[in-house]
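The file run35.cif comes next; it holds mmCIF, N, CA, C and O atoms.
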```cif
data_final
#
loop_
_atom_site.label_atom_id
_atom_site.label_comp_id
_atom_site.auth_asym_id
_atom_site.auth_seq_id
_atom_site.Cartn_x
_atom_site.Cartn_y
_atom_site.Cartn_z
N MET A 1 66.34 123.89 -23.87
CA MET A 1 65.50 124.40 -24.93
C MET A 1 65.06 125.82 -24.57
O MET A 1 64.63 126.07 -23.45
N PRO A 2 65.16 126.76 -25.50
CA PRO A 2 64.76 128.14 -25.21
C PRO A 2 63.26 128.27 -24.91
O PRO A 2 62.45 127.50 -25.41
N THR A 3 62.93 129.24 -24.09
CA THR A 3 61.55 129.54 -23.75
C THR A 3 60.88 130.23 -24.93
O THR A 3 61.39 131.22 -25.45
N GLY A 4 59.72 129.71 -25.33
CA GLY A 4 58.97 130.30 -26.43
C GLY A 4 58.10 131.44 -25.95
O GLY A 4 57.22 131.24 -25.11
N VAL A 5 58.33 132.62 -26.49
CA VAL A 5 57.59 133.81 -26.08
C VAL A 5 56.72 134.30 -27.24
O VAL A 5 57.21 134.54 -28.34
N TRP A 6 55.43 134.42 -26.98
CA TRP A 6 54.51 135.03 -27.94
C TRP A 6 54.42 136.51 -27.56
O TRP A 6 54.21 136.85 -26.39
N ILE A 7 54.57 137.39 -28.53
CA ILE A 7 54.49 138.82 -28.26
C ILE A 7 53.16 139.35 -28.78
O ILE A 7 52.92 139.36 -29.98
N ASN A 8 52.31 139.77 -27.86
CA ASN A 8 51.03 140.38 -28.22
C ASN A 8 51.21 141.89 -28.15
O ASN A 8 51.59 142.42 -27.11
N GLY A 9 50.97 142.55 -29.27
CA GLY A 9 51.25 143.98 -29.37
C GLY A 9 52.62 144.20 -29.99
O GLY A 9 53.30 145.18 -29.72
N ALA A 10 53.02 143.27 -30.84
CA ALA A 10 54.37 143.26 -31.40
C ALA A 10 54.68 144.46 -32.29
O ALA A 10 55.84 144.83 -32.43
N SER A 11 53.67 145.07 -32.88
CA SER A 11 53.95 146.17 -33.81
C SER A 11 54.08 147.52 -33.10
O SER A 11 54.49 148.50 -33.72
N GLY A 12 53.77 147.58 -31.82
CA GLY A 12 53.91 148.82 -31.07
C GLY A 12 55.36 149.10 -30.71
O GLY A 12 56.26 148.29 -30.94
N ARG A 13 55.58 150.25 -30.12
CA ARG A 13 56.94 150.65 -29.76
C ARG A 13 57.60 149.64 -28.82
O ARG A 13 58.71 149.18 -29.08
N MET A 14 56.93 149.28 -27.73
CA MET A 14 57.50 148.31 -26.80
C MET A 14 57.59 146.91 -27.42
O MET A 14 58.52 146.16 -27.13
N GLY A 15 56.63 146.58 -28.25
CA GLY A 15 56.67 145.29 -28.94
C GLY A 15 57.89 145.15 -29.82
O GLY A 15 58.52 144.08 -29.89
N GLN A 16 58.25 146.23 -30.49
CA GLN A 16 59.44 146.21 -31.35
C GLN A 16 60.71 146.08 -30.52
O GLN A 16 61.63 145.34 -30.88
N VAL A 17 60.76 146.77 -29.39
CA VAL A 17 61.92 146.67 -28.49
C VAL A 17 62.01 145.25 -27.93
O VAL A 17 63.09 144.66 -27.88
N ALA A 18 60.88 144.69 -27.51
CA ALA A 18 60.86 143.34 -26.97
C ALA A 18 61.30 142.32 -28.02
O ALA A 18 62.04 141.38 -27.71
N THR A 19 60.87 142.51 -29.25
CA THR A 19 61.26 141.60 -30.32
C THR A 19 62.78 141.57 -30.46
O THR A 19 63.38 140.49 -30.52
N LEU A 20 63.41 142.72 -30.49
CA LEU A 20 64.86 142.78 -30.60
C LEU A 20 65.55 142.12 -29.41
O LEU A 20 66.52 141.37 -29.57
N ALA A 21 65.04 142.38 -28.21
CA ALA A 21 65.64 141.80 -27.01
C ALA A 21 65.53 140.28 -27.01
O ALA A 21 66.50 139.58 -26.70
N ILE A 22 64.38 139.77 -27.39
CA ILE A 22 64.18 138.32 -27.40
C ILE A 22 65.02 137.67 -28.48
O ILE A 22 65.62 136.61 -28.27
N GLU A 23 65.12 138.31 -29.62
CA GLU A 23 65.94 137.77 -30.72
C GLU A 23 67.41 137.67 -30.32
O GLU A 23 68.13 136.82 -30.85
N ASN A 24 67.84 138.52 -29.40
CA ASN A 24 69.24 138.54 -28.99
C ASN A 24 69.51 137.77 -27.69
O ASN A 24 70.61 137.84 -27.17
N ASP A 25 68.52 137.05 -27.19
CA ASP A 25 68.70 136.28 -25.96
C ASP A 25 68.68 134.80 -26.31
O ASP A 25 67.65 134.28 -26.77
N PRO A 26 69.78 134.08 -26.10
CA PRO A 26 69.83 132.66 -26.47
C PRO A 26 68.88 131.77 -25.67
O PRO A 26 68.60 130.64 -26.09
N ASP A 27 68.38 132.26 -24.54
CA ASP A 27 67.47 131.47 -23.71
C ASP A 27 66.00 131.65 -24.10
O ASP A 27 65.12 131.01 -23.52
N LEU A 28 65.76 132.53 -25.07
CA LEU A 28 64.39 132.82 -25.51
C LEU A 28 64.29 132.68 -27.02
O LEU A 28 65.28 132.83 -27.72
N HIS A 29 63.09 132.40 -27.49
CA HIS A 29 62.83 132.50 -28.92
C HIS A 29 61.41 133.01 -29.12
O HIS A 29 60.54 132.81 -28.28
N ILE A 30 61.22 133.70 -30.24
CA ILE A 30 59.90 134.25 -30.54
C ILE A 30 59.04 133.13 -31.12
O ILE A 30 59.31 132.62 -32.20
N ALA A 31 58.02 132.76 -30.36
CA ALA A 31 57.10 131.72 -30.81
C ALA A 31 56.10 132.28 -31.80
O ALA A 31 55.55 131.54 -32.63
N GLY A 32 55.87 133.59 -31.73
CA GLY A 32 54.94 134.24 -32.65
C GLY A 32 54.65 135.65 -32.18
O GLY A 32 55.08 136.08 -31.12
N LYS A 33 53.92 136.35 -33.02
CA LYS A 33 53.55 137.73 -32.74
C LYS A 33 52.10 137.95 -33.12
O LYS A 33 51.62 137.36 -34.08
N SER A 34 51.43 138.80 -32.36
CA SER A 34 50.06 139.15 -32.72
C SER A 34 49.87 140.64 -32.59
O SER A 34 50.64 141.34 -31.94
N HIS A 35 48.82 141.08 -33.24
CA HIS A 35 48.52 142.50 -33.32
C HIS A 35 47.06 142.73 -32.96
O HIS A 35 46.31 141.79 -32.71
N ARG A 36 46.65 143.95 -32.97
CA ARG A 36 45.32 144.37 -32.52
C ARG A 36 44.18 143.56 -33.16
O ARG A 36 43.20 143.26 -32.51
N THR A 37 44.29 143.21 -34.41
CA THR A 37 43.19 142.55 -35.12
C THR A 37 43.24 141.03 -35.05
O THR A 37 42.33 140.37 -35.53
N ASP A 38 44.28 140.48 -34.45
CA ASP A 38 44.41 139.02 -34.37
C ASP A 38 43.57 138.44 -33.23
O ASP A 38 43.31 139.11 -32.23
N ASP A 39 43.20 137.20 -33.37
CA ASP A 39 42.48 136.46 -32.33
C ASP A 39 43.51 135.84 -31.40
O ASP A 39 44.12 134.82 -31.73
N LEU A 40 43.74 136.47 -30.26
CA LEU A 40 44.79 136.03 -29.34
C LEU A 40 44.60 134.59 -28.89
O LEU A 40 45.55 133.82 -28.86
N ALA A 41 43.38 134.22 -28.55
CA ALA A 41 43.13 132.85 -28.09
C ALA A 41 43.50 131.83 -29.17
O ALA A 41 44.12 130.80 -28.87
N ALA A 42 43.14 132.10 -30.40
CA ALA A 42 43.48 131.19 -31.51
C ALA A 42 44.98 131.13 -31.73
O ALA A 42 45.53 130.05 -31.97
N CYS A 43 45.65 132.26 -31.63
CA CYS A 43 47.11 132.28 -31.79
C CYS A 43 47.77 131.39 -30.74
O CYS A 43 48.65 130.58 -31.07
N ILE A 44 47.36 131.54 -29.50
CA ILE A 44 47.94 130.75 -28.42
C ILE A 44 47.63 129.27 -28.62
O ILE A 44 48.50 128.41 -28.47
N ARG A 45 46.40 128.97 -28.96
CA ARG A 45 45.98 127.58 -29.16
C ARG A 45 46.77 126.92 -30.28
O ARG A 45 47.17 125.76 -30.17
N ASN A 46 47.05 127.65 -31.35
CA ASN A 46 47.75 127.08 -32.50
C ASN A 46 49.24 126.90 -32.26
O ASN A 46 49.84 126.00 -32.84
N ILE A 47 49.85 127.74 -31.45
CA ILE A 47 51.30 127.72 -31.28
C ILE A 47 51.73 127.11 -29.94
O ILE A 47 52.79 126.51 -29.85
N GLU A 48 50.94 127.28 -28.90
CA GLU A 48 51.25 126.79 -27.56
C GLU A 48 52.59 127.31 -27.04
O GLU A 48 53.51 126.54 -26.73
N PRO A 49 52.74 128.64 -26.92
CA PRO A 49 53.98 129.20 -26.39
C PRO A 49 54.11 128.93 -24.89
O PRO A 49 53.14 128.54 -24.23
N ASP A 50 55.30 129.13 -24.37
CA ASP A 50 55.53 128.98 -22.93
C ASP A 50 55.02 130.19 -22.16
O ASP A 50 54.53 130.07 -21.04
N VAL A 51 55.16 131.37 -22.78
CA VAL A 51 54.83 132.64 -22.15
C VAL A 51 54.20 133.55 -23.21
O VAL A 51 54.59 133.48 -24.37
N VAL A 52 53.24 134.36 -22.78
CA VAL A 52 52.74 135.42 -23.66
C VAL A 52 53.07 136.75 -23.01
O VAL A 52 52.69 137.01 -21.87
N LEU A 53 53.81 137.56 -23.75
CA LEU A 53 54.15 138.91 -23.32
C LEU A 53 53.12 139.85 -23.93
O LEU A 53 53.02 139.96 -25.15
N ASP A 54 52.33 140.49 -23.07
CA ASP A 54 51.29 141.39 -23.54
C ASP A 54 51.76 142.83 -23.39
O ASP A 54 51.99 143.30 -22.28
N LEU A 55 51.90 143.50 -24.52
CA LEU A 55 52.36 144.88 -24.54
C LEU A 55 51.34 145.74 -25.28
O LEU A 55 51.65 146.42 -26.24
N THR A 56 50.12 145.68 -24.80
CA THR A 56 49.03 146.38 -25.48
C THR A 56 48.66 147.63 -24.69
O THR A 56 49.53 148.43 -24.39
N THR A 57 47.41 147.79 -24.36
CA THR A 57 46.96 148.98 -23.62
C THR A 57 46.13 148.56 -22.42
O THR A 57 45.62 147.44 -22.36
N ALA A 58 45.97 149.49 -21.51
CA ALA A 58 45.21 149.21 -20.29
C ALA A 58 43.77 148.81 -20.58
O ALA A 58 43.18 148.02 -19.84
N THR A 59 43.21 149.29 -21.68
CA THR A 59 41.80 148.99 -21.97
C THR A 59 41.59 147.52 -22.34
O THR A 59 40.49 147.01 -22.21
N VAL A 60 42.62 146.83 -22.79
CA VAL A 60 42.48 145.42 -23.18
C VAL A 60 43.39 144.48 -22.40
O VAL A 60 43.28 143.26 -22.54
N ALA A 61 44.28 145.01 -21.57
CA ALA A 61 45.26 144.18 -20.88
C ALA A 61 44.63 143.14 -19.96
O ALA A 61 45.07 141.98 -19.93
N TYR A 62 43.59 143.51 -19.23
CA TYR A 62 42.96 142.55 -18.32
C TYR A 62 42.31 141.41 -19.12
O TYR A 62 42.50 140.24 -18.79
N THR A 63 41.57 141.76 -20.14
CA THR A 63 40.94 140.73 -20.98
C THR A 63 41.98 139.84 -21.63
O THR A 63 41.84 138.62 -21.67
N ASN A 64 43.06 140.44 -22.12
CA ASN A 64 44.13 139.66 -22.72
C ASN A 64 44.74 138.71 -21.69
O ASN A 64 45.01 137.54 -21.99
N ALA A 65 44.96 139.21 -20.48
CA ALA A 65 45.55 138.38 -19.44
C ALA A 65 44.67 137.18 -19.11
O ALA A 65 45.16 136.06 -18.97
N THR A 66 43.37 137.39 -19.02
CA THR A 66 42.49 136.25 -18.74
C THR A 66 42.47 135.27 -19.90
O THR A 66 42.39 134.06 -19.70
N THR A 67 42.56 135.77 -21.12
CA THR A 67 42.64 134.89 -22.30
C THR A 67 43.90 134.04 -22.23
O THR A 67 43.86 132.83 -22.49
N ILE A 68 45.00 134.66 -21.88
CA ILE A 68 46.28 133.95 -21.78
C ILE A 68 46.21 132.89 -20.70
O ILE A 68 46.58 131.73 -20.92
N ILE A 69 45.72 133.26 -19.54
CA ILE A 69 45.61 132.32 -18.42
C ILE A 69 44.65 131.19 -18.75
O ILE A 69 44.93 130.02 -18.46
N ASP A 70 43.52 131.50 -19.36
CA ASP A 70 42.55 130.46 -19.73
C ASP A 70 43.15 129.45 -20.69
O ASP A 70 42.73 128.30 -20.72
N ALA A 71 44.15 129.88 -21.47
CA ALA A 71 44.83 128.98 -22.40
C ALA A 71 45.90 128.14 -21.69
O ALA A 71 46.53 127.29 -22.32
N GLY A 72 46.10 128.39 -20.40
CA GLY A 72 47.08 127.62 -19.64
C GLY A 72 48.51 128.09 -19.83
O GLY A 72 49.46 127.33 -19.60
N VAL A 73 48.67 129.34 -20.23
CA VAL A 73 50.00 129.90 -20.50
C VAL A 73 50.28 131.01 -19.49
O VAL A 73 49.39 131.73 -19.07
N SER A 74 51.55 131.14 -19.12
CA SER A 74 51.96 132.17 -18.17
C SER A 74 51.94 133.55 -18.83
O SER A 74 52.56 133.74 -19.87
N PRO A 75 51.25 134.50 -18.20
CA PRO A 75 51.21 135.86 -18.76
C PRO A 75 52.34 136.73 -18.20
O PRO A 75 52.69 136.64 -17.03
N VAL A 76 52.89 137.56 -19.05
CA VAL A 76 53.79 138.63 -18.62
C VAL A 76 53.16 139.90 -19.19
O VAL A 76 53.12 140.09 -20.40
N ILE A 77 52.63 140.72 -18.30
CA ILE A 77 51.89 141.90 -18.70
C ILE A 77 52.80 143.12 -18.54
O ILE A 77 53.20 143.46 -17.43
N GLY A 78 53.13 143.75 -19.65
CA GLY A 78 54.00 144.91 -19.64
C GLY A 78 53.23 146.17 -19.96
O GLY A 78 53.70 147.01 -20.72
N THR A 79 52.05 146.28 -19.40
CA THR A 79 51.15 147.39 -19.68
C THR A 79 50.77 148.05 -18.36
O THR A 79 50.44 147.36 -17.41
N SER A 80 50.80 149.34 -18.31
CA SER A 80 50.35 150.03 -17.10
C SER A 80 48.85 150.26 -17.17
O SER A 80 48.25 150.13 -18.23
N GLY A 81 48.27 150.55 -16.05
CA GLY A 81 46.87 150.91 -16.02
C GLY A 81 45.92 149.86 -15.48
O GLY A 81 44.72 150.12 -15.37
N LEU A 82 46.43 148.66 -15.13
CA LEU A 82 45.54 147.70 -14.49
C LEU A 82 45.16 148.23 -13.11
O LEU A 82 46.00 148.79 -12.40
N LEU A 83 43.92 148.05 -12.74
CA LEU A 83 43.46 148.49 -11.43
C LEU A 83 43.88 147.48 -10.37
O LEU A 83 44.07 146.29 -10.68
N PRO A 84 44.04 147.91 -9.13
CA PRO A 84 44.49 146.99 -8.08
C PRO A 84 43.63 145.73 -7.96
O PRO A 84 44.16 144.63 -7.80
N HIS A 85 42.30 145.87 -8.08
CA HIS A 85 41.45 144.68 -7.97
C HIS A 85 41.66 143.74 -9.16
O HIS A 85 41.56 142.52 -9.02
N GLN A 86 41.99 144.30 -10.33
CA GLN A 86 42.26 143.45 -11.49
C GLN A 86 43.56 142.66 -11.28
O GLN A 86 43.62 141.47 -11.57
N THR A 87 44.56 143.34 -10.77
CA THR A 87 45.82 142.67 -10.47
C THR A 87 45.60 141.56 -9.46
O THR A 87 46.10 140.44 -9.64
N ASP A 88 44.86 141.84 -8.39
CA ASP A 88 44.57 140.83 -7.37
C ASP A 88 43.85 139.62 -7.98
O ASP A 88 44.17 138.47 -7.66
N GLU A 89 42.89 139.87 -8.85
CA GLU A 89 42.15 138.78 -9.50
C GLU A 89 43.07 137.93 -10.38
O GLU A 89 42.99 136.70 -10.36
N LEU A 90 43.94 138.58 -11.14
CA LEU A 90 44.86 137.84 -12.01
C LEU A 90 45.82 136.98 -11.19
O LEU A 90 46.08 135.82 -11.54
N VAL A 91 46.32 137.53 -10.09
CA VAL A 91 47.20 136.76 -9.22
C VAL A 91 46.47 135.54 -8.67
O VAL A 91 46.98 134.42 -8.68
N ALA A 92 45.24 135.74 -8.21
CA ALA A 92 44.46 134.63 -7.64
C ALA A 92 44.18 133.55 -8.69
O ALA A 92 44.29 132.35 -8.39
N ILE A 93 43.85 133.95 -9.90
CA ILE A 93 43.57 132.97 -10.96
C ILE A 93 44.84 132.19 -11.30
O ILE A 93 44.79 130.96 -11.45
N CYS A 94 45.97 132.88 -11.41
CA CYS A 94 47.23 132.19 -11.70
C CYS A 94 47.59 131.22 -10.58
O CYS A 94 48.02 130.09 -10.85
N GLU A 95 47.43 131.65 -9.34
CA GLU A 95 47.71 130.76 -8.21
C GLU A 95 46.82 129.53 -8.25
O GLU A 95 47.28 128.40 -8.04
N ASP A 96 45.54 129.73 -8.53
CA ASP A 96 44.59 128.62 -8.59
C ASP A 96 44.98 127.62 -9.68
O ASP A 96 44.82 126.42 -9.50
N ARG A 97 45.49 128.12 -10.79
CA ARG A 97 45.85 127.25 -11.92
C ARG A 97 47.32 126.84 -11.91
O ARG A 97 47.78 126.21 -12.86
N LYS A 98 48.02 127.25 -10.85
CA LYS A 98 49.43 126.93 -10.70
C LYS A 98 50.27 127.41 -11.89
O LYS A 98 51.12 126.69 -12.41
N LEU A 99 49.99 128.64 -12.30
CA LEU A 99 50.74 129.29 -13.37
C LEU A 99 51.57 130.42 -12.81
O LEU A 99 51.11 131.15 -11.94
N GLY A 100 52.76 130.57 -13.31
CA GLY A 100 53.55 131.74 -12.99
C GLY A 100 53.08 132.90 -13.85
O GLY A 100 52.32 132.70 -14.79
N GLY A 101 53.53 134.05 -13.54
CA GLY A 101 53.18 135.22 -14.33
C GLY A 101 53.81 136.45 -13.72
O GLY A 101 54.38 136.39 -12.63
N ALA A 102 53.73 137.54 -14.45
CA ALA A 102 54.29 138.80 -13.95
C ALA A 102 53.51 139.97 -14.52
O ALA A 102 53.04 139.91 -15.66
N ILE A 103 53.39 141.01 -13.72
CA ILE A 103 52.81 142.26 -14.17
C ILE A 103 53.89 143.30 -13.95
O ILE A 103 54.30 143.57 -12.82
N ILE A 104 54.37 143.87 -15.06
CA ILE A 104 55.48 144.82 -15.02
C ILE A 104 55.05 146.07 -15.78
O ILE A 104 55.31 146.18 -16.97
N PRO A 105 54.35 146.99 -15.10
CA PRO A 105 53.83 148.16 -15.80
C PRO A 105 54.92 149.14 -16.22
O PRO A 105 55.91 149.28 -15.62
#
```
Rewrite the structure from the file as structure tokens, please.
Amino acid sequence: MPTGVWINGASGRMGQVATLAIENDPDLHIAGKSHRTDDLAACIRNIEPDVVLDLTTATVAYTNATTIIDAGVSPVIGTSGLLPHQTDELVAICEDRKLGGAIIP
């Protein structure tokens, strides 16, 4: 069964590129997309994707990552600008909850 990927920041430049890439990968499917005005926690709760790809901005990436992790979903953060202590905290939280994840700025 393909991995369900939720794309947060889908209308941005990277979000559009990610959408095309996921649509063309038989091992992945787009579980949903969200944008700046959407309630990310509600989106995740309603769809229950396998992974959330966050392609937003540094000002909201940490908060988005904690929202994703709190929902029990693996985060893939494709945003630059997280501070080293934020990255360390996200890694520790994922390890504690036995979730995989990636930060790819």
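Of the residues under consideration (A:Trp6, A:Pro84, A:Asp54, A:Val73), A:Asp54 shows the shortest atom-to-atom contact distance to Ile104 of chain A when counting all atoms listed in the file.
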Pairwise distance, atom CA of Ala102 of chain A with atom O of Asp39 of chain A, equals 20.9 Å
Taking (46.1, 132.6, -12.5) as a centre in this file's frame and 10 Å as the limit, can you find every polymer residue with an atom that close, using only C-alpha atoms, and give them as a PyMOL selection string?
chain A and resi 65-66+68-70+72-75+88-101
Given the selection you just returned, output its residues as a file containing N, CA, C and O atoms, formatted as a PDB file, keeping the file's coordinate frame.
```pdb
ATOM      1  N   ALA A  65      44.960 139.210 -20.480  1.00  0.00           N
ATOM      2  CA  ALA A  65      45.550 138.380 -19.440  1.00  0.00           C
ATOM      3  C   ALA A  65      44.670 137.180 -19.110  1.00  0.00           C
ATOM      4  O   ALA A  65      45.160 136.060 -18.970  1.00  0.00           O
ATOM      5  N   THR A  66      43.370 137.390 -19.020  1.00  0.00           N
ATOM      6  CA  THR A  66      42.490 136.250 -18.740  1.00  0.00           C
ATOM      7  C   THR A  66      42.470 135.270 -19.900  1.00  0.00           C
ATOM      8  O   THR A  66      42.390 134.060 -19.700  1.00  0.00           O
ATOM      9  N   ILE A  68      45.000 134.660 -21.880  1.00  0.00           N
ATOM     10  CA  ILE A  68      46.280 133.950 -21.780  1.00  0.00           C
ATOM     11  C   ILE A  68      46.210 132.890 -20.700  1.00  0.00           C
ATOM     12  O   ILE A  68      46.580 131.730 -20.920  1.00  0.00           O
ATOM     13  N   ILE A  69      45.720 133.260 -19.540  1.00  0.00           N
ATOM     14  CA  ILE A  69      45.610 132.320 -18.420  1.00  0.00           C
ATOM     15  C   ILE A  69      44.650 131.190 -18.750  1.00  0.00           C
ATOM     16  O   ILE A  69      44.930 130.020 -18.460  1.00  0.00           O
ATOM     17  N   ASP A  70      43.520 131.500 -19.360  1.00  0.00           N
ATOM     18  CA  ASP A  70      42.550 130.460 -19.730  1.00  0.00           C
ATOM     19  C   ASP A  70      43.150 129.450 -20.690  1.00  0.00           C
ATOM     20  O   ASP A  70      42.730 128.300 -20.720  1.00  0.00           O
ATOM     21  N   GLY A  72      46.100 128.390 -20.400  1.00  0.00           N
ATOM     22  CA  GLY A  72      47.080 127.620 -19.640  1.00  0.00           C
ATOM     23  C   GLY A  72      48.510 128.090 -19.830  1.00  0.00           C
ATOM     24  O   GLY A  72      49.460 127.330 -19.600  1.00  0.00           O
ATOM     25  N   VAL A  73      48.670 129.340 -20.230  1.00  0.00           N
ATOM     26  CA  VAL A  73      50.000 129.900 -20.500  1.00  0.00           C
ATOM     27  C   VAL A  73      50.280 131.010 -19.490  1.00  0.00           C
ATOM     28  O   VAL A  73      49.390 131.730 -19.070  1.00  0.00           O
ATOM     29  N   SER A  74      51.550 131.140 -19.120  1.00  0.00           N
ATOM     30  CA  SER A  74      51.960 132.170 -18.170  1.00  0.00           C
ATOM     31  C   SER A  74      51.940 133.550 -18.830  1.00  0.00           C
ATOM     32  O   SER A  74      52.560 133.740 -19.870  1.00  0.00           O
ATOM     33  N   PRO A  75      51.250 134.500 -18.200  1.00  0.00           N
ATOM     34  CA  PRO A  75      51.210 135.860 -18.760  1.00  0.00           C
ATOM     35  C   PRO A  75      52.340 136.730 -18.200  1.00  0.00           C
ATOM     36  O   PRO A  75      52.690 136.640 -17.030  1.00  0.00           O
ATOM     37  N   ASP A  88      44.860 141.840  -8.390  1.00  0.00           N
ATOM     38  CA  ASP A  88      44.570 140.830  -7.370  1.00  0.00           C
ATOM     39  C   ASP A  88      43.850 139.620  -7.980  1.00  0.00           C
ATOM     40  O   ASP A  88      44.170 138.470  -7.660  1.00  0.00           O
ATOM     41  N   GLU A  89      42.890 139.870  -8.850  1.00  0.00           N
ATOM     42  CA  GLU A  89      42.150 138.780  -9.500  1.00  0.00           C
ATOM     43  C   GLU A  89      43.070 137.930 -10.380  1.00  0.00           C
ATOM     44  O   GLU A  89      42.990 136.700 -10.360  1.00  0.00           O
ATOM     45  N   LEU A  90      43.940 138.580 -11.140  1.00  0.00           N
ATOM     46  CA  LEU A  90      44.860 137.840 -12.010  1.00  0.00           C
ATOM     47  C   LEU A  90      45.820 136.980 -11.190  1.00  0.00           C
ATOM     48  O   LEU A  90      46.080 135.820 -11.540  1.00  0.00           O
ATOM     49  N   VAL A  91      46.320 137.530 -10.090  1.00  0.00           N
ATOM     50  CA  VAL A  91      47.200 136.760  -9.220  1.00  0.00           C
ATOM     51  C   VAL A  91      46.470 135.540  -8.670  1.00  0.00           C
ATOM     52  O   VAL A  91      46.980 134.420  -8.680  1.00  0.00           O
ATOM     53  N   ALA A  92      45.240 135.740  -8.210  1.00  0.00           N
ATOM     54  CA  ALA A  92      44.460 134.630  -7.640  1.00  0.00           C
ATOM     55  C   ALA A  92      44.180 133.550  -8.690  1.00  0.00           C
ATOM     56  O   ALA A  92      44.290 132.350  -8.390  1.00  0.00           O
ATOM     57  N   ILE A  93      43.850 133.950  -9.900  1.00  0.00           N
ATOM     58  CA  ILE A  93      43.570 132.970 -10.960  1.00  0.00           C
ATOM     59  C   ILE A  93      44.840 132.190 -11.300  1.00  0.00           C
ATOM     60  O   ILE A  93      44.790 130.960 -11.450  1.00  0.00           O
ATOM     61  N   CYS A  94      45.970 132.880 -11.410  1.00  0.00           N
ATOM     62  CA  CYS A  94      47.230 132.190 -11.700  1.00  0.00           C
ATOM     63  C   CYS A  94      47.590 131.220 -10.580  1.00  0.00           C
ATOM     64  O   CYS A  94      48.020 130.090 -10.850  1.00  0.00           O
ATOM     65  N   GLU A  95      47.430 131.650  -9.340  1.00  0.00           N
ATOM     66  CA  GLU A  95      47.710 130.760  -8.210  1.00  0.00           C
ATOM     67  C   GLU A  95      46.820 129.530  -8.250  1.00  0.00           C
ATOM     68  O   GLU A  95      47.280 128.400  -8.040  1.00  0.00           O
ATOM     69  N   ASP A  96      45.540 129.730  -8.530  1.00  0.00           N
ATOM     70  CA  ASP A  96      44.590 128.620  -8.590  1.00  0.00           C
ATOM     71  C   ASP A  96      44.980 127.620  -9.680  1.00  0.00           C
ATOM     72  O   ASP A  96      44.820 126.420  -9.500  1.00  0.00           O
ATOM     73  N   ARG A  97      45.490 128.120 -10.790  1.00  0.00           N
ATOM     74  CA  ARG A  97      45.850 127.250 -11.920  1.00  0.00           C
ATOM     75  C   ARG A  97      47.320 126.840 -11.910  1.00  0.00           C
ATOM     76  O   ARG A  97      47.780 126.210 -12.860  1.00  0.00           O
ATOM     77  N   LYS A  98      48.020 127.250 -10.850  1.00  0.00           N
ATOM     78  CA  LYS A  98      49.430 126.930 -10.700  1.00  0.00           C
ATOM     79  C   LYS A  98      50.270 127.410 -11.890  1.00  0.00           C
ATOM     80  O   LYS A  98      51.120 126.690 -12.410  1.00  0.00           O
ATOM     81  N   LEU A  99      49.990 128.640 -12.300  1.00  0.00           N
ATOM     82  CA  LEU A  99      50.740 129.290 -13.370  1.00  0.00           C
ATOM     83  C   LEU A  99      51.570 130.420 -12.810  1.00  0.00           C
ATOM     84  O   LEU A  99      51.110 131.150 -11.940  1.00  0.00           O
ATOM     85  N   GLY A 100      52.760 130.570 -13.310  1.00  0.00           N
ATOM     86  CA  GLY A 100      53.550 131.740 -12.990  1.00  0.00           C
ATOM     87  C   GLY A 100      53.080 132.900 -13.850  1.00  0.00           C
ATOM     88  O   GLY A 100      52.320 132.700 -14.790  1.00  0.00           O
ATOM     89  N   GLY A 101      53.530 134.050 -13.540  1.00  0.00           N
ATOM     90  CA  GLY A 101      53.180 135.220 -14.330  1.00  0.00           C
ATOM     91  C   GLY A 101      53.810 136.450 -13.720  1.00  0.00           C
ATOM     92  O   GLY A 101      54.380 136.390 -12.630  1.00  0.00           O
TER      93      GLY A 101
END
```
Closest of A:Val5, A:Ile103, A:Leu82, A:Ala10 to His29 of chain A, counting only C-alpha atoms, is A:Val5
| request: Evaluate the PyMOL selection byres (((chain A and resi 57 and name CA) around 8) and name CA) on the structure here and hand back the selected residues as number ranges by chain. | output: A: 55-56, 58-61, 79-81
### Task
Select from chain A everything DSSP, run on the backbone, classes as strand (DSSP E or B), then give the selection as a list in words.
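Of chain A, only Thr3, Gly4, Val5, Trp6, Ile7, Asn8, Leu28, His29, Ile30, Ala31, Gly32, Lys33, Ser34, Val51, Val52, Leu53, Asp54, Ser74, Pro75, Val76, Ile77, Ala102 and Ile103 of chain A fall in strand (DSSP E or B).
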For Ile47 of chain A, the closest of A:Val17, A:Leu28, A:Ile77, A:Ile7 counting only C-alpha atoms is A:Ile7
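When you apply the PyMOL selection byres (((chain A and resi 19 and name CA) around 12) and name CA) to this structure, what comes back is Val5, Trp6, Ile7, Asn8, Gly9, Ala10, Ser11, Gly12, Arg13, Met14, Gly15, Gln16, Val17, Ala18, Leu20, Ala21, Ile22, Glu23, Asn24, Asp25, Leu28, His29, Ile30, Ala31, Gly32, Lys33, Ser34, Leu53 and Leu55 of chain A.
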message = So the first atom is atom CA of Gly4 of chain A and the second is atom CA of His85 of chain A; what is the distance between them in Å, to one decimal place?
response =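 Computing it gives 29.2 Å between the two atoms.
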Exercise. Pick out each residue of chain A that DSSP on the backbone tags as alpha helix (DSSP H); I need them as a PyMOL selection string.
Key: chain A and resi 13-23+40-47+58-70+84-96
Which value, in Å to one decimal, gives the distance between atom CA of Asp38 of chain A and atom CA of Pro26 of chain A?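 Result for atom CA of Asp38 of chain A versus atom CA of Pro26 of chain A: 27.4 Å, one decimal.
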Restricting to only C-alpha atoms, whichever of A:Tyr62, A:Ala71, A:Cys43, A:Asp27 is closest to Thr87 of chain A is A:Tyr62
